[in-house]
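This is start08.csv. It holds CSV, C-alpha atoms and all ligand atoms.
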```
chain,number,residue,atom,x,y,z
A,3,MET,CA,-69.2,-26.7,57.8
A,4,LYS,CA,-71.8,-29.2,56.7
A,5,ASN,CA,-75.2,-27.8,55.9
A,6,ASN,CA,-77.2,-30.0,58.3
A,7,SER,CA,-75.1,-28.9,61.2
A,8,ILE,CA,-76.6,-25.4,61.3
A,9,LYS,CA,-79.7,-26.7,63.0
A,10,THR,CA,-77.7,-28.1,65.8
A,11,LEU,CA,-76.4,-24.6,66.6
A,12,VAL,CA,-79.9,-23.1,67.0
A,13,ARG,CA,-81.6,-22.7,70.4
A,14,GLU,CA,-84.3,-25.3,70.9
A,15,ASN,CA,-87.0,-22.7,71.6
A,16,ILE,CA,-86.2,-21.0,68.3
A,17,VAL,CA,-86.4,-24.3,66.3
A,18,GLN,CA,-89.9,-24.8,67.7
A,19,LEU,CA,-91.0,-21.2,67.1
A,20,GLN,CA,-93.8,-20.5,64.5
A,21,PRO,CA,-93.2,-17.3,62.7
A,22,TYR,CA,-95.8,-14.6,63.0
A,23,SER,CA,-97.4,-14.5,59.6
A,24,SER,CA,-100.2,-12.3,58.3
A,25,PHE,CA,-102.7,-13.2,55.6
A,26,ARG,CA,-101.4,-10.2,53.5
A,27,ASP,CA,-97.9,-11.7,53.5
A,28,HIS,CA,-99.0,-14.6,51.2
A,29,ASN,CA,-101.8,-13.0,49.1
A,30,GLU,CA,-102.0,-10.2,46.7
A,31,PHE,CA,-105.0,-8.1,46.0
A,32,ASN,CA,-105.9,-5.4,43.4
A,33,ALA,CA,-108.5,-3.4,45.3
A,34,PRO,CA,-108.5,-4.9,48.8
A,35,VAL,CA,-110.9,-4.1,51.5
A,36,MET,CA,-108.4,-4.1,54.4
A,37,LEU,CA,-110.3,-4.7,57.6
A,38,ASP,CA,-107.9,-7.2,59.1
A,39,ALA,CA,-105.2,-5.4,61.0
A,40,ASN,CA,-107.0,-2.7,63.0
A,41,GLU,CA,-105.4,0.1,61.1
A,42,SER,CA,-107.0,3.4,60.4
A,43,PRO,CA,-108.5,3.7,56.9
A,44,PHE,CA,-107.6,7.4,56.9
A,45,GLY,CA,-104.2,9.1,56.8
A,46,GLU,CA,-100.9,9.1,54.9
A,47,CYS,CA,-98.9,6.4,56.5
A,48,ASN,CA,-101.9,4.5,57.8
A,49,ARG,CA,-101.0,1.0,56.7
A,50,TYR,CA,-98.4,-1.4,58.2
A,51,PRO,CA,-95.4,-2.0,56.1
A,52,ASP,CA,-94.8,-5.1,54.1
A,53,SER,CA,-93.4,-7.4,56.8
A,54,THR,CA,-91.6,-9.5,54.2
A,55,GLN,CA,-90.0,-6.5,52.6
A,56,LYS,CA,-90.5,-8.2,49.2
A,57,GLU,CA,-89.8,-5.3,46.9
A,58,LEU,CA,-86.7,-4.3,48.8
A,59,LYS,CA,-85.3,-7.8,48.8
A,60,ASN,CA,-86.0,-8.2,45.1
A,61,ARG,CA,-84.0,-5.0,44.4
A,62,LEU,CA,-81.1,-6.0,46.6
A,63,ALA,CA,-81.1,-9.5,45.1
A,64,GLY,CA,-80.6,-8.0,41.7
A,65,LEU,CA,-77.9,-5.7,43.0
A,66,LYS,CA,-76.0,-8.4,44.8
A,67,ASN,CA,-76.7,-11.2,42.4
A,68,LEU,CA,-78.3,-13.3,45.1
A,69,SER,CA,-81.7,-14.9,45.6
A,70,PRO,CA,-84.2,-12.8,47.7
A,71,SER,CA,-84.4,-15.9,50.0
A,72,GLN,CA,-80.8,-15.2,51.0
A,73,ILE,CA,-81.6,-11.7,52.4
A,74,ALA,CA,-82.9,-10.5,55.7
A,75,ILE,CA,-83.5,-6.8,56.4
A,76,GLY,CA,-83.3,-5.2,59.8
A,77,ASN,CA,-83.9,-1.9,61.5
A,78,GLY,CA,-80.2,-1.2,61.0
A,79,SER,CA,-77.7,-4.0,61.1
A,80,ASP,CA,-77.7,-3.5,64.8
A,81,GLU,CA,-81.1,-5.2,65.0
A,82,LEU,CA,-79.7,-8.1,63.0
A,83,ILE,CA,-76.7,-8.5,65.4
A,84,ASP,CA,-79.2,-8.7,68.2
A,85,LEU,CA,-81.4,-11.3,66.4
A,86,ILE,CA,-78.5,-13.4,65.4
A,87,ILE,CA,-77.3,-13.7,69.0
A,88,LYS,CA,-80.9,-14.5,70.1
A,89,ILE,CA,-81.1,-17.3,67.5
A,90,PHE,CA,-77.9,-19.1,68.3
A,91,CYS,CA,-76.9,-18.2,71.9
A,92,GLU,CA,-78.6,-19.8,74.9
A,93,PRO,CA,-78.7,-17.2,77.8
A,94,LYS,CA,-76.3,-18.0,80.6
A,95,LYS,CA,-74.8,-20.9,78.6
A,96,ASP,CA,-73.4,-19.9,75.2
A,97,ALA,CA,-70.8,-17.3,74.3
A,98,ILE,CA,-69.7,-15.0,71.4
A,99,LEU,CA,-66.2,-14.3,70.2
A,100,MET,CA,-65.2,-10.9,69.0
A,101,MET,CA,-62.0,-9.1,68.1
A,102,ASN,CA,-60.5,-6.6,70.6
A,103,PRO,CA,-60.8,-3.8,69.8
A,104,SER,CA,-63.8,-4.0,67.6
A,105,PHE,CA,-67.4,-2.8,67.3
A,106,ALA,CA,-69.0,-2.5,70.8
A,107,MET,CA,-72.6,-3.6,69.8
A,108,TYR,CA,-71.7,-7.3,69.6
A,109,ALA,CA,-70.8,-7.3,73.4
A,110,PHE,CA,-73.8,-5.0,74.1
A,111,TYR,CA,-76.4,-7.4,72.7
A,112,ALA,CA,-74.6,-10.5,74.0
A,113,THR,CA,-74.6,-9.1,77.5
A,114,ILE,CA,-78.3,-8.2,77.3
A,115,ASN,CA,-79.0,-11.8,76.3
A,116,GLU,CA,-76.7,-13.0,79.2
A,117,ASN,CA,-74.1,-14.5,76.9
A,118,LYS,CA,-70.4,-14.4,77.7
A,119,VAL,CA,-68.1,-12.4,75.5
A,120,LEU,CA,-64.7,-13.8,74.7
A,121,LYS,CA,-62.3,-11.3,73.2
A,122,LEU,CA,-59.5,-12.0,70.7
A,123,ASP,CA,-56.8,-9.4,71.3
A,124,LEU,CA,-55.4,-8.0,68.0
A,125,ASP,CA,-51.7,-7.4,67.5
A,126,GLU,CA,-50.1,-4.0,67.3
A,127,ASN,CA,-51.2,-3.6,63.7
A,128,PHE,CA,-54.7,-4.7,64.7
A,129,GLU,CA,-54.4,-8.1,62.9
A,130,ILE,CA,-55.7,-11.3,64.3
A,131,ILE,CA,-53.1,-13.7,65.7
A,132,LYS,CA,-54.2,-17.0,64.1
A,133,SER,CA,-52.7,-19.2,66.8
A,134,ASP,CA,-54.6,-17.2,69.4
A,135,PHE,CA,-57.8,-17.6,67.4
A,136,LEU,CA,-57.3,-21.4,67.2
A,137,LYS,CA,-56.8,-21.6,70.9
A,138,ILE,CA,-59.7,-19.5,72.0
A,139,SER,CA,-62.1,-20.9,69.4
A,140,ALA,CA,-61.8,-24.3,70.9
A,141,ASP,CA,-64.1,-23.1,73.8
A,142,PRO,CA,-67.2,-25.3,73.4
A,143,SER,CA,-69.6,-22.5,74.6
A,144,LEU,CA,-68.8,-20.3,71.5
A,145,LYS,CA,-71.6,-20.1,69.0
A,146,ILE,CA,-70.8,-16.9,67.0
A,147,PHE,CA,-67.6,-15.2,65.9
A,148,PHE,CA,-68.2,-11.5,64.9
A,149,LEU,CA,-65.5,-10.6,62.4
A,150,CYS,CA,-65.7,-6.9,61.5
A,151,SER,CA,-63.8,-6.1,58.3
A,152,PRO,CA,-62.9,-3.3,57.7
A,153,ASN,CA,-62.8,-3.2,61.5
A,154,ASN,CA,-64.3,-0.4,63.6
A,155,PRO,CA,-62.6,1.4,65.3
A,156,THR,CA,-59.2,0.4,63.8
A,157,GLY,CA,-60.0,0.8,60.1
A,158,ASN,CA,-58.0,-2.1,58.7
A,159,SER,CA,-59.4,-5.0,56.7
A,160,ILE,CA,-58.9,-8.6,58.0
A,161,ASP,CA,-57.1,-10.9,55.7
A,162,ASP,CA,-57.9,-14.6,54.9
A,163,ILE,CA,-61.5,-14.7,56.1
A,164,GLU,CA,-61.8,-18.2,54.7
A,165,PHE,CA,-59.4,-19.4,57.4
A,166,TYR,CA,-61.9,-18.3,60.1
A,167,LEU,CA,-64.8,-19.8,58.2
A,168,GLN,CA,-63.0,-23.1,58.0
A,169,ASN,CA,-61.7,-23.2,61.6
A,170,PHE,CA,-64.7,-22.0,63.5
A,171,LYS,CA,-67.4,-24.5,64.4
A,172,GLY,CA,-70.2,-22.0,64.8
A,173,ILE,CA,-71.5,-19.1,62.9
A,174,VAL,CA,-69.1,-16.5,61.5
A,175,VAL,CA,-70.7,-13.1,61.0
A,176,VAL,CA,-68.6,-10.9,58.7
A,177,ASP,CA,-69.7,-7.3,59.4
A,178,GLU,CA,-69.0,-5.3,56.2
A,179,ALA,CA,-70.4,-2.0,57.3
A,180,TYR,CA,-67.4,-0.2,55.6
A,181,ILE,CA,-66.7,-2.6,52.8
A,182,GLU,CA,-67.6,0.0,50.1
A,183,PHE,CA,-64.7,2.2,51.1
A,184,SER,CA,-62.1,-0.6,51.1
A,185,GLY,CA,-61.7,-1.7,47.5
A,186,LYS,CA,-61.6,-5.3,48.9
A,187,LYS,CA,-63.8,-8.1,47.8
A,188,SER,CA,-66.9,-8.8,49.7
A,189,SER,CA,-67.4,-12.1,51.5
A,190,LEU,CA,-70.7,-12.4,49.7
A,191,GLU,CA,-69.0,-14.5,47.1
A,192,LEU,CA,-68.2,-17.1,49.8
A,193,LEU,CA,-71.9,-17.7,50.7
A,194,ASP,CA,-72.3,-20.6,48.4
A,195,GLN,CA,-69.3,-22.4,49.9
A,196,TYR,CA,-69.9,-21.8,53.6
A,197,SER,CA,-73.2,-22.5,55.3
A,198,ASN,CA,-72.0,-21.0,58.6
A,199,LEU,CA,-71.4,-17.5,57.0
A,200,ILE,CA,-73.6,-14.4,57.6
A,201,VAL,CA,-72.5,-11.2,55.9
A,202,LEU,CA,-73.8,-7.9,57.3
A,203,GLN,CA,-74.1,-4.7,55.2
A,204,THR,CA,-75.8,-1.4,55.9
A,205,PHE,CA,-77.3,1.7,54.3
A,206,SER,CA,-75.9,3.8,57.2
A,207,LYS,CA,-72.3,4.4,56.0
A,208,ALA,CA,-71.4,4.5,52.3
A,209,TRP,CA,-75.0,5.0,51.2
A,210,GLY,CA,-75.4,7.9,53.5
A,211,ILE,CA,-78.8,7.0,54.9
A,212,ALA,CA,-78.1,6.3,58.6
A,213,GLY,CA,-81.4,8.0,59.6
A,214,ALA,CA,-83.5,5.4,57.8
A,215,ARG,CA,-82.1,2.5,59.9
A,216,VAL,CA,-81.8,-0.2,57.3
A,217,GLY,CA,-79.3,-3.0,57.4
A,218,MET,CA,-79.0,-6.3,55.6
A,219,ALA,CA,-78.0,-9.9,56.5
A,220,TYR,CA,-77.0,-12.1,53.6
A,221,ALA,CA,-76.8,-15.9,54.4
A,222,SER,CA,-78.1,-19.3,53.5
A,223,GLU,CA,-81.9,-19.6,53.1
A,224,GLU,CA,-82.0,-21.6,56.3
A,225,ILE,CA,-80.4,-18.9,58.4
A,226,ILE,CA,-82.5,-16.2,56.7
A,227,ASN,CA,-85.7,-18.1,57.6
A,228,LEU,CA,-84.5,-18.2,61.2
A,229,ILE,CA,-84.0,-14.4,61.2
A,230,SER,CA,-87.4,-13.9,59.5
A,231,THR,CA,-89.0,-16.1,62.2
A,232,VAL,CA,-87.6,-14.1,65.2
A,233,LYS,CA,-87.8,-10.6,63.9
A,234,ALA,CA,-90.6,-8.2,64.8
A,235,PRO,CA,-93.0,-8.5,61.9
A,236,TYR,CA,-93.0,-4.8,61.0
A,237,ASN,CA,-89.4,-4.1,61.9
A,238,VAL,CA,-88.6,-1.8,58.9
A,239,ASN,CA,-91.1,1.0,58.5
A,240,VAL,CA,-92.9,2.2,55.4
A,241,LEU,CA,-91.1,5.5,55.1
A,242,SER,CA,-87.7,3.8,55.3
A,243,GLN,CA,-88.6,1.1,52.8
A,244,GLU,CA,-89.8,3.7,50.3
A,245,LEU,CA,-86.7,5.9,50.8
A,246,ILE,CA,-84.4,3.0,50.2
A,247,LEU,CA,-86.3,2.0,47.1
A,248,LYS,CA,-86.1,5.5,45.8
A,249,THR,CA,-82.4,5.7,46.6
A,250,LEU,CA,-81.7,2.4,44.7
A,251,ASP,CA,-83.3,4.0,41.6
A,252,ASP,CA,-80.4,6.3,41.4
A,253,GLU,CA,-77.7,3.9,40.3
A,254,SER,CA,-74.8,6.2,40.5
A,255,ARG,CA,-75.5,7.5,44.0
A,256,LEU,CA,-73.5,4.9,45.9
A,257,GLN,CA,-70.3,5.3,43.8
A,258,GLU,CA,-70.6,9.1,43.9
A,259,ASN,CA,-70.9,9.1,47.7
A,260,VAL,CA,-68.0,6.7,48.0
A,261,ASN,CA,-65.8,8.7,45.6
A,262,ARG,CA,-66.4,11.9,47.5
A,263,ILE,CA,-65.5,10.3,50.8
A,264,LEU,CA,-62.4,8.7,49.3
A,265,GLU,CA,-61.2,12.1,47.9
A,266,GLU,CA,-61.7,13.7,51.3
A,267,ARG,CA,-59.9,10.8,52.9
A,268,THR,CA,-56.9,11.3,50.7
A,269,TRP,CA,-56.9,15.0,51.3
A,270,LEU,CA,-57.1,14.5,55.1
A,271,LYS,CA,-54.3,12.0,55.1
A,272,GLN,CA,-52.0,14.5,53.3
A,273,GLN,CA,-52.9,17.2,55.7
A,274,PHE,CA,-52.2,15.0,58.8
A,275,GLU,CA,-48.6,14.6,57.7
A,276,GLY,CA,-47.4,18.0,58.8
A,277,ILE,CA,-49.2,18.1,62.1
A,278,THR,CA,-47.0,17.8,65.2
A,279,CYS,CA,-49.5,16.6,67.8
A,280,ILE,CA,-50.2,13.5,65.7
A,281,SER,CA,-47.8,10.7,66.3
A,282,LYS,CA,-49.4,8.0,64.1
A,283,VAL,CA,-52.1,7.8,61.5
A,284,PHE,CA,-53.1,4.1,61.1
A,285,SER,CA,-53.9,3.1,57.5
A,286,THR,CA,-57.6,2.8,56.9
A,287,ASP,CA,-60.0,1.0,54.6
A,288,ALA,CA,-63.0,2.8,56.0
A,289,ASN,CA,-64.5,6.3,56.2
A,290,PHE,CA,-62.6,7.2,59.4
A,291,PHE,CA,-59.0,7.4,60.7
A,292,LEU,CA,-57.6,6.0,63.9
A,293,ILE,CA,-55.0,8.5,65.1
A,294,ARG,CA,-52.5,8.4,67.9
A,295,MET,CA,-51.9,11.8,69.6
A,296,GLU,CA,-49.0,13.2,71.5
A,297,ASN,CA,-51.1,14.8,74.2
A,298,ILE,CA,-54.6,13.4,73.7
A,299,ASP,CA,-56.2,15.2,76.7
A,300,ASN,CA,-55.1,18.6,75.4
A,301,VAL,CA,-56.1,17.8,71.8
A,302,TYR,CA,-59.4,16.4,72.7
A,303,SER,CA,-60.4,19.3,75.0
A,304,LYS,CA,-59.4,21.8,72.3
A,305,MET,CA,-61.6,20.0,69.8
A,306,LEU,CA,-64.5,20.1,72.2
A,307,GLU,CA,-64.0,23.8,72.8
A,308,GLU,CA,-64.5,24.4,69.1
A,309,GLU,CA,-67.3,21.9,69.0
A,310,ILE,CA,-65.5,19.4,66.8
A,311,LEU,CA,-66.8,16.0,67.8
A,312,THR,CA,-64.6,13.0,67.5
A,313,SER,CA,-64.5,9.6,69.2
A,314,ARG,CA,-61.9,9.0,71.9
A,315,ARG,CA,-60.7,5.5,72.0
A,316,ASP,CA,-58.3,5.6,74.9
A,317,PRO,CA,-57.5,4.0,77.2
A,318,ALA,CA,-58.6,0.8,75.3
A,319,ILE,CA,-56.4,1.9,72.4
A,320,PRO,CA,-53.8,4.1,74.1
A,321,ARG,CA,-53.8,7.8,73.1
A,322,CYS,CA,-56.0,7.2,70.1
A,323,ILE,CA,-59.0,9.1,68.6
A,324,ARG,CA,-61.2,7.9,65.8
A,325,ILE,CA,-62.0,10.7,63.4
A,326,ASN,CA,-64.6,10.5,60.6
A,327,VAL,CA,-63.9,11.8,57.1
A,328,GLY,CA,-66.3,14.7,56.9
A,329,ASN,CA,-67.1,17.2,54.2
A,330,ARG,CA,-64.4,19.7,53.1
A,331,GLU,CA,-65.7,22.4,55.5
A,332,GLU,CA,-65.6,20.1,58.5
A,333,ASN,CA,-62.3,18.6,57.5
A,334,GLU,CA,-60.7,22.1,57.1
A,335,LYS,CA,-62.0,23.1,60.6
A,336,LEU,CA,-60.4,20.0,62.0
A,337,ILE,CA,-57.1,20.5,60.3
A,338,ASN,CA,-56.9,24.2,61.1
A,339,LEU,CA,-57.4,23.4,64.8
A,340,LEU,CA,-54.9,20.6,64.8
A,341,LYS,CA,-52.3,22.9,63.1
A,342,ARG,CA,-52.7,25.4,65.9
A,343,ILE,CA,-52.0,22.9,68.7
B,401,LIG,C1,-71.9,1.6,61.8
B,401,LIG,C2,-71.7,0.2,62.0
B,401,LIG,C3,-72.8,-0.7,61.7
B,401,LIG,C4,-74.1,-0.1,61.1
B,401,LIG,O1,-75.1,-0.3,62.0
B,401,LIG,P1,-76.6,0.1,61.5
B,401,LIG,O2,-77.4,-0.4,62.6
B,401,LIG,O3,-76.8,-0.5,60.2
B,401,LIG,O4,-76.6,1.6,61.4
B,401,LIG,C5,-72.6,-2.0,61.8
B,401,LIG,N1,-71.4,-2.5,62.1
B,401,LIG,C6,-70.4,-1.7,62.4
B,401,LIG,C7,-69.0,-2.3,62.7
B,401,LIG,C8,-70.5,-0.4,62.3
B,401,LIG,O5,-69.5,0.4,62.6
```

What does the file become when written as structure tokens?
Amino acid sequence: MKNNSIKTLVRENIVQLQPYSSFRDHNEFNAPVMLDANESPFGECNRYPDSTQKELKNRLAGLKNLSPSQIAIGNGSDELIDLIIKIFCEPKKDAILMMNPSFAMYAFYATINENKVLKLDLDENFEIIKSDFLKISADPSLKIFFLCSPNNPTGNSIDDIEFYLQNFKGIVVVDEAYIEFSGKKSSLELLDQYSNLIVLQTFSKAWGIAGARVGMAYASEEIINLISTVKAPYNVNVLSQELILKTLDDESRLQENVNRILEERTWLKQQFEGITCISKVFSTDANFFLIRMENIDNVYSKMLEEEILTSRRDPAIPRCIRINVGNREENEKLINLLKRI
């Protein structure tokens, strides 16, 4: 996709919009007298956060080998999904495309914005059928394709992402919430080649900081400027920004977290093998398993009785439950119960 065509995808009212911008965003002071934002001069968390998230972006830029101008930070990647839809999709006119099954939040935000949701049914191995994609993506109302890889709730990675970037005339959002568990290459390396690509990542899964609500969008400077323009100025709070910066100081933390989860994932997979109520364990690139059960009603109610929470996916995915990789204690409780059924 040619660079100058991004602008033609943006809603007219967003093109016109002036970003909210505070004096502090563009100036630095040593000992400021801060009487400009109606904050309290007293207290511990009395100041508004840096709305440009400068320090965080600089750190992430170093980590990802990108420019800070290619990074937007959201109150979770959920917020970024919402903003991306608002930027490109005219209510009651435009549509999004998503895989089916996939992450529910794309349809949630599209529906709130009054955009149609077209669904691309996956095959029995949860792969995209390319001929179906080519057919459905010809719909002129489509502005965004949400491509979740590894996909939630199926767990598999999607191959040949460049094919979709080349053959979709709108924005392709590659949601990499689980990429760290996959061993697969991130689509970040395609950013230079494709101006219609947005990559979403998050601190909620492999980093283990879901409570802080911090997610990232990586894209061209042009798209990042649009996101910065429409976002709430103080969308990522002071405490979360500080916590993330502190976490990034500990360079080994991410890999340690991932390694622990992968060890538990391997252990769980072995344990599942001898369990009779399980009819299929789908292969996974994420921190969860999609599992087909013999008698899902019975299994699920037994799990609830013992207060083991899992995510039922039927009837959308027949007889399937999505189960997180937990810590060893949680995993043992799960396995012990399943063995008794
Ligand atoms: C969990 C998840 C996210 C993360 O959302 P946050 O708002 O960053 O917590 C994004 N996409 C998918 C597919 C997910 O499963």

Exercise for the section: Counting all atoms listed in the file, figure out which residue out of A:Lys335, A:Lys233, A:Lys271, A:Arg294 gets nearest to A:Leu82. Expected result: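 Nearest candidate to A:Leu82 out of A:Lys335, A:Lys233, A:Lys271, A:Arg294: A:Lys233.
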
Practice task
Counting all atoms listed in the file, name the residues that have an atom within 8 Å of an atom of ligand LIG 401 (chain B); the answer should be given as a list of chain:residue names.
Solution key: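 Taking all atoms listed in the file into account, the residues around ligand LIG 401 (chain B) at most 8 Å away are A:Asn77, A:Gly78, A:Ser79, A:Asp80, A:Glu81, A:Ser104, A:Phe105, A:Met107, A:Cys150, A:Ser151, A:Pro152, A:Asn153, A:Asn154, A:Pro155, A:Asp177, A:Glu178, A:Ala179, A:Tyr180, A:Leu202, A:Gln203, A:Thr204, A:Phe205, A:Ser206, A:Lys207, A:Ala212, A:Arg215, A:Val216, A:Gly217, A:Met218.
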
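Minimum distance to A:Arg342 across A:Ile323, A:Val240, A:Ile277, A:Phe290 (counting all atoms listed in the file) occurs at A:Ile277.
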
Practice task
Starting from the point (-80.2, 7.2, 47.1), work out which residues of protein, DNA or RNA have an atom no more than 12 Å away when counting all atoms listed in the file; state them as number ranges by chain.
Solution key: A: 205-206, 208-212, 214, 242-259

Completion exercise
atom CA of A:Ile310 to atom CA of A:Leu336 measures 7.0 Å

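Relative to atom CA of A:Ile226, atom CA of A:Gln195 is found at 16.1 Å.
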
Practice task
Go through A:Lys121, A:Arg262, A:Lys187, A:Lys9 and flag the residue nearest A:Tyr108, using all atoms listed in the file for the distances.
Solution key: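 When distances to A:Tyr108 are compared using all atoms listed in the file, the smallest one comes from A:Lys121.
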
Exercise for the section: Considering all atoms listed in the file, state which residue in the set A:Ala318, A:Ile8, A:Leu270, A:Ala288 is at the smallest distance from A:Ala221. Expected result: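 Checking each of A:Ala318, A:Ile8, A:Leu270, A:Ala288 against A:Ala221, counting all atoms listed in the file, the winner is A:Ile8.
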
Contacts of A:Arg314 within 8 Å, only C-alpha atoms, excl. fewer than 5 positions in-chain, as a compact mmCIF listing (two decimals) with C-alpha atoms, in the coordinates of the input:
```
# COMPACT_ATOMS: atom_id res chain seq x y z
CA TYR A 302 -59.40 16.40 72.70
CA CYS A 322 -56.00 7.20 70.10
CA ILE A 323 -59.00 9.10 68.60
CA ARG A 324 -61.20 7.90 65.80
```

Problem - Interatomic distance, atom CA of A:Gly185 to atom CA of A:Trp269 (Å, one decimal) - result: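 Straight-line distance from atom CA of A:Gly185 to atom CA of A:Trp269 works out to 17.8 Å.
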